Amino acid sequence: FTDLEGFTKFSSGMEPDELFAKLNHFFSRAGLSVEKYRGYVNKTNGDSIMALFGVPYENATHALDAVLAGLDMQREIQSHFALRMRIGVNSGTLTAGILGPDNKSLYDVLGDAVNVASRMEKLCPPGSIAVAEDTYRAIAPYFETRPLGKQAVKGKGHLLCHEVLRVRPLLADRRRVDESSAFARGHADAVEEVERAKTARFAMVDFRSIQARDGAIEHNEAVAATSLALFRALRRD
């Protein structure tokens, strides 16, 4: 779930056609972020969005996809709008299907997981992403987060909540890089060289999306960095 903070005040005094244009501009950019990471916008309500990941076709990386889409959306908002957005993400079991009268039915989801995601958005600091505990356990190895402590959620008591800050840098991921090794110390700059090469030659390729689909964000960078470092070492010899 997303919500633009202060949009009511921002849009006060706008003509209806101007308001629609602003919202459509926002929804267009937000929708591209969601689509990039295999989700889709299920519905809009005012300036809010409800997006789904992992349905109707289940995949193992839906939590990663949702958070990556959220980070991408935040970058878009900061670049094009003088507003801040709150994003709430949760993962869990839900019921999905066609809901509504015959002449106006739509694909929708129901369940406790949906309600908790909505509450995460309300508890989220402006300009950030808040995730519930189930999502946090799935994404923790790949993202830097900050605990928000236990938050009161109506009907659920108190739930642990975490703020997502950014994708975890490769060299900070101890599962892949041993900081004590001489190789890591001697060739850490290879990661930056790979990033520069990607930007210069492969700007059209969405590496993070590809990696999310494999369930291993930045794994390809680790392989590329190692290969490049070995190549440079051989070239010096």
# chains A, B, ... in the order shown; residues from 1 in each chain; ligands from 1
$ select_by_dssp --residues "segment 43-194 of chain A" --states "strand (DSSP E)" --output "MDAnalysis selection string"
chainID A and resid 43:45 48:53 84:89 95:99 106:110 128:132 143:153 157:167
$ residues_around --residues "segment 63-79 of chain A" --least-positions-apart "4" --cutoff "10 Å" --atoms "only C-alpha atoms" --output "PyMOL selection string"
chain A and resi 1-2+4+26+29-39+51-54+59+83-92+127-131+134-140+142-143+164-167+208-209+211-213+215-217
$ atom_distance --atom1 "atom CA of Ser48 of chain A" --atom2 "atom CA of Leu23 of chain A"
9.7 Å
$ select_by_dssp --residues "segment 33-169 of chain A" --states "alpha helix (DSSP H)" --output "PyMOL selection string"
chain A and resi 33-36+62-80+112-123+133-139
$ closest_residue --among "A:Ala132, A:Thr44, A:Leu159, A:Gly149" --to "Val114 of chain A" --atoms "only C-alpha atoms"
A:Ala132
$ atom_distance --atom1 "atom CA of Gly100 of chain A" --atom2 "atom CA of Val55 of chain A"
18.4 Å
$ atom_distance --atom1 "atom CA of Val41 of chain A" --atom2 "atom CA of Ala60 of chain A"
19.3 Å
$ residues_around --residues "Thr93 of chain A" --least-positions-apart "2" --cutoff "10 Å" --atoms "only C-alpha atoms" --output "ChimeraX atom specification"
/A:91,95-96,110-114
$ write_last_selection --atoms "all heavy atoms" --output "mmCIF file, in the first residue's frame"
data_model
loop_
_atom_site.group_PDB
_atom_site.id
_atom_site.type_symbol
_atom_site.label_atom_id
_atom_site.label_comp_id
_atom_site.auth_asym_id
_atom_site.auth_seq_id
_atom_site.Cartn_x
_atom_site.Cartn_y
_atom_site.Cartn_z
ATOM 1 N N SER A 91 3.692 -9.785 3.847
ATOM 2 C CA SER A 91 3.613 -11.041 3.099
ATOM 3 C C SER A 91 2.802 -12.044 3.913
ATOM 4 O O SER A 91 2.848 -12.034 5.143
ATOM 5 C CB SER A 91 5.018 -11.611 2.848
ATOM 6 O OG SER A 91 5.863 -10.644 2.266
ATOM 7 N N THR A 95 -6.662 -14.876 0.192
ATOM 8 C CA THR A 95 -7.613 -15.425 -0.771
ATOM 9 C C THR A 95 -7.720 -14.469 -1.943
ATOM 10 O O THR A 95 -7.899 -13.262 -1.752
ATOM 11 C CB THR A 95 -9.000 -15.609 -0.123
ATOM 12 O OG1 THR A 95 -8.871 -16.493 0.996
ATOM 13 C CG2 THR A 95 -9.986 -16.198 -1.120
ATOM 14 N N ALA A 96 -7.588 -14.995 -3.162
ATOM 15 C CA ALA A 96 -7.626 -14.163 -4.355
ATOM 16 C C ALA A 96 -8.667 -14.699 -5.322
ATOM 17 O O ALA A 96 -8.883 -15.906 -5.422
ATOM 18 C CB ALA A 96 -6.254 -14.139 -5.024
ATOM 19 N N LEU A 110 -8.241 -10.853 -0.365
ATOM 20 C CA LEU A 110 -8.772 -10.675 0.975
ATOM 21 C C LEU A 110 -7.924 -11.473 1.958
ATOM 22 O O LEU A 110 -7.355 -12.499 1.605
ATOM 23 C CB LEU A 110 -10.226 -11.152 1.060
ATOM 24 C CG LEU A 110 -11.246 -10.504 0.128
ATOM 25 C CD1 LEU A 110 -12.571 -11.257 0.213
ATOM 26 C CD2 LEU A 110 -11.444 -9.034 0.493
ATOM 27 N N GLY A 111 -7.841 -10.978 3.175
ATOM 28 C CA GLY A 111 -7.132 -11.745 4.189
ATOM 29 C C GLY A 111 -6.419 -10.864 5.192
ATOM 30 O O GLY A 111 -6.264 -9.658 5.005
ATOM 31 N N ASP A 112 -5.983 -11.488 6.259
ATOM 32 C CA ASP A 112 -5.299 -10.779 7.325
ATOM 33 C C ASP A 112 -4.014 -10.130 6.834
ATOM 34 O O ASP A 112 -3.646 -9.039 7.264
ATOM 35 C CB ASP A 112 -4.995 -11.771 8.456
ATOM 36 C CG ASP A 112 -4.656 -11.065 9.754
ATOM 37 O OD1 ASP A 112 -5.395 -10.135 10.132
ATOM 38 O OD2 ASP A 112 -3.636 -11.417 10.371
ATOM 39 N N ALA A 113 -3.323 -10.788 5.903
ATOM 40 C CA ALA A 113 -2.063 -10.243 5.383
ATOM 41 C C ALA A 113 -2.289 -8.899 4.700
ATOM 42 O O ALA A 113 -1.442 -7.997 4.776
ATOM 43 C CB ALA A 113 -1.429 -11.233 4.405
ATOM 44 N N VAL A 114 -3.433 -8.751 4.026
ATOM 45 C CA VAL A 114 -3.759 -7.491 3.352
ATOM 46 C C VAL A 114 -3.982 -6.385 4.378
ATOM 47 O O VAL A 114 -3.485 -5.256 4.232
ATOM 48 C CB VAL A 114 -5.004 -7.656 2.467
ATOM 49 C CG1 VAL A 114 -5.340 -6.351 1.752
ATOM 50 C CG2 VAL A 114 -4.799 -8.774 1.455
#
$ closest_residue --among "A:Asp108, A:Glu193, A:Glu121, A:Asp47" --to "His162 of chain A" --atoms "only C-alpha atoms"
A:Glu121
$ closest_residue --among "A:Pro101, A:Pro125, A:Pro16, A:Pro56" --to "Leu148 of chain A" --atoms "only C-alpha atoms"
A:Pro125
